[in-house]
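Structure file work_30.cif (mmCIF, C-alpha atoms) follows.
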```
data_coords
#
loop_
_atom_site.label_atom_id
_atom_site.label_comp_id
_atom_site.auth_asym_id
_atom_site.auth_seq_id
_atom_site.Cartn_x
_atom_site.Cartn_y
_atom_site.Cartn_z
CA MET A 1 42.07 36.33 26.36
CA ASN A 2 41.99 36.40 30.14
CA THR A 3 44.02 39.02 32.00
CA PRO A 4 44.43 39.60 35.76
CA GLN A 5 42.36 42.18 37.55
CA PRO A 6 44.88 45.05 37.17
CA GLY A 7 44.49 46.37 40.73
CA ILE A 8 46.16 43.21 42.06
CA LEU A 9 49.50 44.09 40.48
CA LEU A 10 49.30 47.87 40.96
CA PRO A 11 50.78 49.46 44.12
CA PRO A 12 48.34 50.07 46.98
CA PRO A 13 46.31 53.25 46.42
CA PRO A 14 46.31 56.30 48.71
CA LEU A 15 42.86 55.31 50.03
CA ALA A 16 40.78 52.16 50.00
CA ARG A 17 37.57 50.63 51.27
CA PHE A 18 37.25 46.90 51.96
CA LEU A 19 33.81 45.28 51.78
CA THR A 20 32.72 41.80 52.79
CA ILE A 21 29.35 40.83 51.38
CA GLY A 22 27.04 37.95 52.19
CA LEU A 23 24.44 36.13 50.12
CA ARG A 24 21.01 36.09 51.73
CA PRO A 25 19.57 32.62 52.45
CA ALA A 26 17.84 31.03 49.45
CA ALA A 27 18.50 34.15 47.34
CA ASP A 28 19.21 33.97 43.60
CA SER A 29 22.61 35.55 43.07
CA ARG A 30 22.87 35.39 39.27
CA ASP A 31 21.34 38.74 38.32
CA GLY A 32 23.45 40.60 40.86
CA LEU A 33 26.65 38.86 39.80
CA ARG A 34 25.88 39.46 36.14
CA THR A 35 25.57 43.19 36.87
CA LEU A 36 28.70 43.12 39.01
CA ARG A 37 30.57 41.41 36.20
CA GLU A 38 29.80 44.33 33.90
CA ILE A 39 30.55 47.26 36.22
CA VAL A 40 33.78 46.06 37.86
CA ASP A 41 36.94 47.09 36.03
CA GLY A 42 39.37 45.13 38.22
CA GLU A 43 41.44 48.27 38.83
CA HIS A 44 39.29 50.58 40.94
CA ALA A 45 37.44 47.57 42.35
CA VAL A 46 39.11 44.18 42.85
CA VAL A 47 36.62 41.38 43.53
CA GLY A 48 37.05 37.99 45.20
CA LEU A 49 34.52 35.17 45.53
CA GLY A 50 34.30 32.95 48.60
CA LEU A 51 33.93 29.18 48.65
CA SER A 52 30.39 29.41 50.04
CA LEU A 53 29.20 31.46 47.06
CA VAL A 54 30.93 29.18 44.56
CA ARG A 55 29.23 26.17 46.15
CA ALA A 56 25.86 27.91 46.30
CA MET A 57 26.08 28.42 42.55
CA LYS A 58 27.06 24.78 41.95
CA GLY A 59 30.42 25.93 40.61
CA GLY A 60 33.93 24.77 41.28
CA VAL A 61 37.26 26.59 41.52
CA GLU A 62 40.28 24.32 41.82
CA GLY A 63 42.49 25.53 44.68
CA LEU A 64 39.83 27.54 46.52
CA ARG A 65 39.14 26.34 50.06
CA ALA A 66 37.89 27.58 53.40
CA PHE A 67 40.15 29.71 55.57
CA PRO A 68 41.38 27.46 58.41
CA PRO A 69 40.76 28.48 62.03
CA LEU A 70 44.05 27.88 63.83
CA SER A 71 44.99 27.85 67.50
CA HIS A 72 48.32 27.30 69.23
CA ALA A 73 50.24 28.59 72.26
CA GLY A 74 47.48 30.99 73.26
CA VAL A 75 47.14 32.47 69.77
CA GLU A 76 43.81 32.26 67.96
CA ILE A 77 43.48 32.74 64.20
CA PRO A 78 39.78 33.18 63.39
CA SER A 79 38.04 32.11 60.22
CA THR A 80 35.27 34.51 59.17
CA PRO A 81 34.42 33.52 55.59
CA CYS A 82 32.04 35.51 53.44
CA ASP A 83 30.60 35.22 49.94
CA LEU A 84 32.16 38.26 48.30
CA TRP A 85 35.20 40.41 49.08
CA VAL A 86 35.69 43.78 47.39
CA TRP A 87 38.75 46.03 47.54
CA LEU A 88 37.81 49.53 46.37
CA ARG A 89 40.86 51.60 45.41
CA GLY A 90 40.95 55.37 45.04
CA THR A 91 42.11 58.81 46.10
CA ASP A 92 38.94 60.38 47.52
CA ARG A 93 37.06 59.02 50.53
CA GLY A 94 33.75 60.40 49.32
CA GLU A 95 34.10 58.68 45.97
CA LEU A 96 34.90 55.39 47.68
CA PHE A 97 31.74 55.79 49.75
CA HIS A 98 29.63 56.27 46.62
CA GLN A 99 31.38 53.40 44.85
CA SER A 100 30.58 51.06 47.72
CA ARG A 101 26.93 52.09 47.59
CA GLY A 102 26.98 51.48 43.83
CA ILE A 103 28.34 47.98 44.35
CA GLU A 104 25.61 47.22 46.88
CA ARG A 105 22.90 48.52 44.55
CA ALA A 106 24.28 46.53 41.63
CA LEU A 107 24.14 43.30 43.61
CA GLY A 108 20.50 43.85 44.44
CA GLY A 109 18.54 42.37 47.32
CA ALA A 110 20.23 38.98 47.10
CA PHE A 111 23.34 40.29 48.88
CA HIS A 112 24.05 42.44 51.92
CA VAL A 113 27.24 44.15 53.12
CA THR A 114 28.47 42.54 56.34
CA GLN A 115 31.55 44.70 57.01
CA THR A 116 33.07 47.92 55.70
CA VAL A 117 36.62 49.01 56.60
CA ASP A 118 38.26 52.21 55.36
CA ALA A 119 42.03 52.05 54.85
CA PHE A 120 44.83 54.34 53.72
CA GLN A 121 48.53 54.72 53.00
CA TYR A 122 50.60 55.83 56.00
CA LEU A 123 53.99 57.52 55.63
CA GLU A 124 54.60 56.07 52.16
CA GLY A 125 53.94 52.45 52.96
CA ARG A 126 54.38 52.00 56.71
CA ASP A 127 52.26 50.15 59.22
CA LEU A 128 50.76 52.26 62.01
CA THR A 129 53.58 51.02 64.27
CA GLY A 130 55.94 52.97 62.00
CA TYR A 131 57.62 49.99 60.31
CA VAL A 132 57.81 49.66 56.52
CA ASP A 133 55.33 47.05 55.32
CA GLY A 134 56.06 44.60 52.49
CA THR A 135 59.80 45.22 52.12
CA GLU A 136 60.37 41.79 50.53
CA ASN A 137 57.47 42.07 48.09
CA PRO A 138 58.24 40.69 44.61
CA THR A 139 58.11 43.22 41.77
CA GLY A 140 57.70 43.25 38.01
CA GLU A 141 57.43 39.90 36.25
CA ARG A 142 58.18 38.10 39.52
CA ALA A 143 55.11 39.71 41.14
CA GLU A 144 52.87 38.36 38.38
CA GLU A 145 54.49 34.93 38.64
CA VAL A 146 53.79 34.84 42.38
CA ALA A 147 50.27 36.31 42.35
CA ILE A 148 48.63 35.15 39.13
CA VAL A 149 47.54 31.68 38.02
CA HIS A 150 49.09 30.47 34.76
CA GLY A 151 49.10 27.14 33.00
CA ARG A 152 46.28 25.50 34.95
CA GLY A 153 43.59 25.60 32.32
CA LYS A 154 41.65 28.30 30.50
CA ALA A 155 39.06 28.74 33.24
CA LEU A 156 41.70 29.71 35.85
CA GLU A 157 44.16 31.52 33.59
CA GLY A 158 44.82 35.07 34.80
CA SER A 159 42.95 34.65 38.07
CA SER A 160 44.37 34.89 41.59
CA PHE A 161 43.69 33.83 45.16
CA VAL A 162 43.67 36.26 48.07
CA ALA A 163 43.96 35.87 51.83
CA ALA A 164 42.42 38.78 53.75
CA GLN A 165 42.61 39.49 57.47
CA GLN A 166 41.85 42.48 59.67
CA TRP A 167 44.49 42.85 62.40
CA VAL A 168 43.81 45.02 65.47
CA HIS A 169 46.90 46.53 67.10
CA GLN A 170 47.24 46.98 70.86
CA PHE A 171 49.07 50.30 70.74
CA ASP A 172 49.45 50.66 74.52
CA ALA A 173 51.24 47.30 74.66
CA PHE A 174 53.44 48.18 71.70
CA GLU A 175 54.36 51.62 73.01
CA ALA A 176 55.25 50.15 76.41
CA MET A 177 57.95 48.01 74.78
CA PRO A 178 61.53 49.40 74.76
CA SER A 179 62.52 50.56 71.26
CA GLN A 180 65.03 47.71 70.93
CA ASP A 181 62.30 45.18 71.74
CA GLN A 182 60.08 46.80 69.13
CA ASP A 183 62.82 46.48 66.50
CA HIS A 184 63.54 42.89 67.52
CA SER A 185 59.87 41.95 67.31
CA ILE A 186 59.92 42.95 63.64
CA GLY A 187 63.54 42.11 62.85
CA ARG A 188 64.25 45.50 61.29
CA ARG A 189 65.20 48.92 62.60
CA ARG A 190 62.25 51.27 62.36
CA SER A 191 64.53 54.27 61.68
CA THR A 192 66.36 52.78 58.68
CA ASN A 193 64.39 49.64 57.72
CA GLU A 194 67.72 47.80 58.00
CA GLU A 195 67.44 44.08 58.75
CA ILE A 196 68.85 43.09 62.15
CA ALA A 197 71.24 40.19 61.65
CA ALA A 198 71.08 39.15 65.31
CA ALA A 199 67.27 39.36 65.61
CA PRO A 200 65.73 36.58 67.72
CA ALA A 201 64.11 33.53 66.14
CA SER A 202 60.69 34.99 67.02
CA ALA A 203 61.26 38.17 64.95
CA HIS A 204 58.58 38.56 62.31
CA ILE A 205 60.93 38.64 59.33
CA ARG A 206 62.63 35.47 60.51
CA ARG A 207 59.30 33.72 61.01
CA THR A 208 58.13 34.73 57.52
CA ALA A 209 61.32 34.59 55.41
CA GLN A 210 59.59 33.34 52.29
CA GLU A 211 62.65 31.65 50.79
CA SER A 212 63.17 29.55 53.94
CA PHE A 213 60.14 27.35 53.27
CA ASN A 214 60.09 24.17 51.20
CA PRO A 215 58.72 24.96 48.71
CA PRO A 216 59.35 28.74 49.02
CA ALA A 217 56.27 30.60 50.30
CA PHE A 218 56.19 33.76 48.20
CA ILE A 219 53.13 36.03 48.29
CA LEU A 220 52.31 39.49 46.95
CA ARG A 221 51.30 41.74 49.84
CA ARG A 222 48.91 44.63 49.33
CA SER A 223 48.20 45.44 52.99
CA MET A 224 46.97 48.84 54.19
CA PRO A 225 46.48 50.46 57.64
CA TRP A 226 42.99 51.15 58.92
CA THR A 227 41.47 53.16 61.77
CA ALA A 228 38.00 53.46 63.28
CA GLY A 229 37.58 55.76 66.26
CA GLN A 230 40.48 55.03 68.63
CA GLU A 231 41.14 51.58 67.17
CA GLY A 232 43.48 50.78 64.32
CA GLY A 233 45.63 48.14 62.74
CA LEU A 234 46.36 46.53 59.40
CA MET A 235 44.14 45.14 56.68
CA PHE A 236 46.41 42.28 55.63
CA VAL A 237 45.96 41.34 51.97
CA ALA A 238 48.09 38.70 50.25
CA PHE A 239 47.62 37.52 46.66
CA GLY A 240 48.99 34.27 45.31
CA ALA A 241 48.71 31.78 42.48
CA SER A 242 47.90 29.37 45.31
CA LEU A 243 46.76 29.69 48.92
CA ASP A 244 49.45 27.27 50.09
CA PRO A 245 52.24 29.84 50.64
CA PHE A 246 50.13 32.09 52.88
CA GLU A 247 48.91 29.15 54.91
CA ALA A 248 52.48 27.92 55.42
CA LEU A 249 53.48 31.38 56.65
CA LEU A 250 50.54 31.56 59.05
CA ARG A 251 51.19 28.13 60.52
CA ARG A 252 54.82 29.00 61.20
CA MET A 253 53.87 32.37 62.69
CA ILE A 254 51.76 30.74 65.41
CA GLY A 255 54.42 28.12 66.14
CA LEU A 256 52.82 25.03 64.63
CA GLU A 257 55.98 24.26 62.67
CA ASP A 258 58.66 24.55 65.37
CA GLY A 259 57.04 25.92 68.53
CA VAL A 260 58.36 29.48 68.08
CA VAL A 261 55.57 32.08 68.08
CA ASP A 262 55.94 35.25 66.02
CA SER A 263 56.62 38.32 68.20
CA LEU A 264 53.90 40.21 66.35
CA PHE A 265 51.39 38.52 68.63
CA ARG A 266 52.79 40.51 71.54
CA PHE A 267 50.87 43.54 70.29
CA THR A 268 48.46 42.59 67.51
CA ARG A 269 45.81 39.97 66.68
CA PRO A 270 43.72 39.09 63.63
CA VAL A 271 39.96 39.37 64.13
CA THR A 272 38.85 38.21 60.66
CA GLY A 273 40.14 35.76 58.08
CA GLY A 274 38.93 34.73 54.64
CA TYR A 275 40.10 33.13 51.39
CA TYR A 276 38.72 34.33 48.07
CA TRP A 277 39.19 33.62 44.37
CA CYS A 278 39.72 36.70 42.20
CA PRO A 279 38.53 35.83 38.68
CA ALA A 280 40.34 37.14 35.63
CA MET A 281 39.03 39.83 33.30
CA ARG A 282 37.72 38.87 29.87
CA GLU A 283 36.25 41.18 27.25
CA GLY A 284 36.05 44.06 29.72
CA GLY A 285 34.32 42.21 32.55
CA LEU A 286 34.92 39.62 35.24
CA ASP A 287 35.15 36.09 33.87
CA LEU A 288 32.55 34.30 35.96
CA SER A 289 32.09 31.39 33.56
CA LEU A 290 33.13 28.88 36.25
CA LEU A 291 29.96 29.92 38.07
CA GLY A 292 27.83 29.76 34.94
CA VAL A 293 27.45 33.55 34.81
CA GLN A 294 27.88 34.97 31.33
CA GLU A 295 27.63 38.51 30.01
CA SER A 296 24.17 39.92 29.43
CA ALA A 297 22.66 39.52 25.99
#
```
Give the structure from this file in structure tokens form.
Amino acid sequence: MNTPQPGILLPPPPLARFLTIGLRPAADSRDGLRTLREIVDGEHAVVGLGLSLVRAMKGGVEGLRAFPPLSHAGVEIPSTPCDLWVWLRGTDRGELFHQSRGIERALGGAFHVTQTVDAFQYLEGRDLTGYVDGTENPTGERAEEVAIVHGRGKALEGSSFVAAQQWVHQFDAFEAMPSQDQDHSIGRRRSTNEEIAAAPASAHIRRTAQESFNPPAFILRRSMPWTAGQEGGLMFVAFGASLDPFEALLRRMIGLEDGVVDSLFRFTRPVTGGYYWCPAMREGGLDLSLLGVQESA
């Protein structure tokens, strides 16, 4: 029986490390993926596979596609696809470091890590701007309904799709904004997390009100702040039974739907963007049967 990778439905951990991993040209990925299948528990390490890797292995995952590069009204949304995406979850930064090295060793010479980003919980679930992140997240059975594939065939049962972006905040620009403008850019009061009824149409929560789409665009957010030197921002992570809801949200945010651009872009920009398929767990390991990778004999 297939079950979701449990880390998808668990709350974000205190600390995390995000890895993007590429397949070397003409390399044979099967041995590395077979080892990865056996060592990943889906809780301390959540794994997603990119379209390029699926195609390289002559596999097919219905609903997986390339992340679309989008541009409108001076806003650029980059597409930076990779073969593998790994979300390491934990409580100790040193252990996360060793886990990431273990993942790289397990994959062997066929793969190489292209980016590593360390992330963390800030003030019990706030973005580095101080605003609560993911207030409208679904919970309980609704979270599984939103994030996990059901009823689309045995091969996809229990799997999920994830959209991942690294956003870089311009803190000087944000801090130069009057506090009321800051609140109106989000659509909530930072002090109380109360929704502002009279927020402008460009406020983030008005741009992304999930129930206002047709069909509704619900996603399960598992975003976490990150810092490196004097830079910082948000590792945006959104799981779904389909990639359609996230893409609808993104298109509205940049104004493609009605010409109104999300106020977030006044002080932050994404610098990466990728779609990945997160296979289900079966018999204690990742179910990679759609790629022709079975457990070792």
(Q) Would you pick out the contacts of Ala27 of chain A at 8 Å or less, using all atoms listed in the file, so that residues sharing its chain but fewer than 4 positions from it are not included, and give the list as a ChimeraX atom specification? (A) /A:23,110-111
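The gap separating atom CA of Leu70 of chain A from atom CA of Met224 of chain A is 23.3 Å, in Å to one decimal.
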Go through the shown structure with the PyMOL selection byres ((chain A and resi 21) around 6) and write out the matching residues as a compact mmCIF listing (two decimals) with C-alpha atoms, in the frame of the given file.
```
# COMPACT_ATOMS: atom_id res chain seq x y z
CA THR A 20 32.72 41.80 52.79
CA GLY A 22 27.04 37.95 52.19
CA ASP A 83 30.60 35.22 49.94
CA LEU A 84 32.16 38.26 48.30
CA HIS A 112 24.05 42.44 51.92
CA VAL A 113 27.24 44.15 53.12
CA THR A 114 28.47 42.54 56.34
```
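For Arg188 of chain A, the list of residues within 12 Å, based on only C-alpha atoms and with local chain neighbours fewer than 5 positions off taken out, reads Gly130, Tyr131, Val132, Asp133, Thr135, Ser179, Gln180, Asp181, Gln182, Asp183, Asn193, Glu194, Glu195, Ile196, Ala197, Ala198, Ala199, Pro200, Ala203, His204, Ile205 and Arg206 of chain A.
Between atom CA of Pro68 of chain A and atom CA of Val237 of chain A the interatomic distance comes to 16.0 Å.
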Q.
Please compute the atom CA of Ser159 of chain A-atom CA of Pro279 of chain A distance, one decimal, in Å.
A. 4.6 Å
(Q) If we count only C-alpha atoms and set the cut-off at 10 Å, which residues sit around Arg93 of chain A, ignoring sequence neighbours fewer than 2 positions away in its own chain? Please answer as a PyMOL selection string. (A) chain A and resi 14-17+89-91+95-99+118-120
Taking the file as I've supplied it (selection: the PyMOL selection byres ((chain A and resi 7) around 12)), which residues are included? Please answer as an mmCIF file with C-alpha atoms, keeping the file's coordinate frame.
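The resulting file, out_35.cif, is reproduced below:
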```
data_model
loop_
_atom_site.group_PDB
_atom_site.id
_atom_site.type_symbol
_atom_site.label_atom_id
_atom_site.label_comp_id
_atom_site.auth_asym_id
_atom_site.auth_seq_id
_atom_site.Cartn_x
_atom_site.Cartn_y
_atom_site.Cartn_z
ATOM 1 C CA THR A 3 44.020 39.020 32.000
ATOM 2 C CA PRO A 4 44.430 39.600 35.760
ATOM 3 C CA GLN A 5 42.360 42.180 37.550
ATOM 4 C CA PRO A 6 44.880 45.050 37.170
ATOM 5 C CA ILE A 8 46.160 43.210 42.060
ATOM 6 C CA LEU A 9 49.500 44.090 40.480
ATOM 7 C CA LEU A 10 49.300 47.870 40.960
ATOM 8 C CA PRO A 11 50.780 49.460 44.120
ATOM 9 C CA PRO A 12 48.340 50.070 46.980
ATOM 10 C CA PRO A 13 46.310 53.250 46.420
ATOM 11 C CA ALA A 16 40.780 52.160 50.000
ATOM 12 C CA VAL A 40 33.780 46.060 37.860
ATOM 13 C CA ASP A 41 36.940 47.090 36.030
ATOM 14 C CA GLY A 42 39.370 45.130 38.220
ATOM 15 C CA GLU A 43 41.440 48.270 38.830
ATOM 16 C CA HIS A 44 39.290 50.580 40.940
ATOM 17 C CA ALA A 45 37.440 47.570 42.350
ATOM 18 C CA VAL A 46 39.110 44.180 42.850
ATOM 19 C CA VAL A 47 36.620 41.380 43.530
ATOM 20 C CA VAL A 86 35.690 43.780 47.390
ATOM 21 C CA TRP A 87 38.750 46.030 47.540
ATOM 22 C CA LEU A 88 37.810 49.530 46.370
ATOM 23 C CA ARG A 89 40.860 51.600 45.410
ATOM 24 C CA GLY A 90 40.950 55.370 45.040
ATOM 25 C CA GLU A 144 52.870 38.360 38.380
ATOM 26 C CA ALA A 147 50.270 36.310 42.350
ATOM 27 C CA SER A 160 44.370 34.890 41.590
ATOM 28 C CA ARG A 222 48.910 44.630 49.330
ATOM 29 C CA PHE A 239 47.620 37.520 46.660
ATOM 30 C CA CYS A 278 39.720 36.700 42.200
ATOM 31 C CA ALA A 280 40.340 37.140 35.630
ATOM 32 C CA MET A 281 39.030 39.830 33.300
#
```
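For the residues A:Arg24, A:Arg251, A:Arg221, A:Lys154, ranking by smallest atom-to-atom distance to Pro69 of chain A using only C-alpha atoms places A:Arg251 first.
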Q | the PyMOL selection byres ((chain A and resi 54-58) around 10) applied to the shown file, residues as a list in words | A | Leu23, Pro25, Ala26, Ala27, Asp28, Ser29, Arg30, Leu49, Gly50, Leu51, Ser52, Leu53, Gly59, Gly60, Val61, Leu64, Asp83, Leu84, Tyr276, Trp277, Leu290, Leu291, Gly292 and Val293 of chain A
Centre and edge lengths, as lines of an AutoDock Vina configuration file, for the axis-aligned box enclosing every listed atom of segment 79-91 of chain A with 4 Å of padding on each of the six sides, in Å to one decimal?
```
center_x = 36.4
center_y = 45.5
center_z = 52.6
size_x = 19.5
size_y = 34.7
size_z = 23.2
```
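Of the listed residues A:Leu286, A:Val271, A:Ala217, A:Ala155, the one whose atoms come nearest to Leu243 of chain A is A:Ala217, with distances taken using only C-alpha atoms.
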(Q) Please list, as a PyMOL selection string, the residues that have an atom at most 6 Å away from (37.4, 35.9, 56.4) in the coordinates of this file, counting all atoms listed in the file. (A) chain A and resi 79-81+272-274
Q) Which residue, A:Glu283, A:Asp244, A:Asp172, A:Glu211, has the smallest gap to Thr268 of chain A when you use all atoms listed in the file? A) A:Asp172
**Q.** Pick from A:Arg34, A:Arg190, A:Arg266, A:His169 nearest to Ser202 of chain A, counting all atoms listed in the file
**A.** A:Arg266
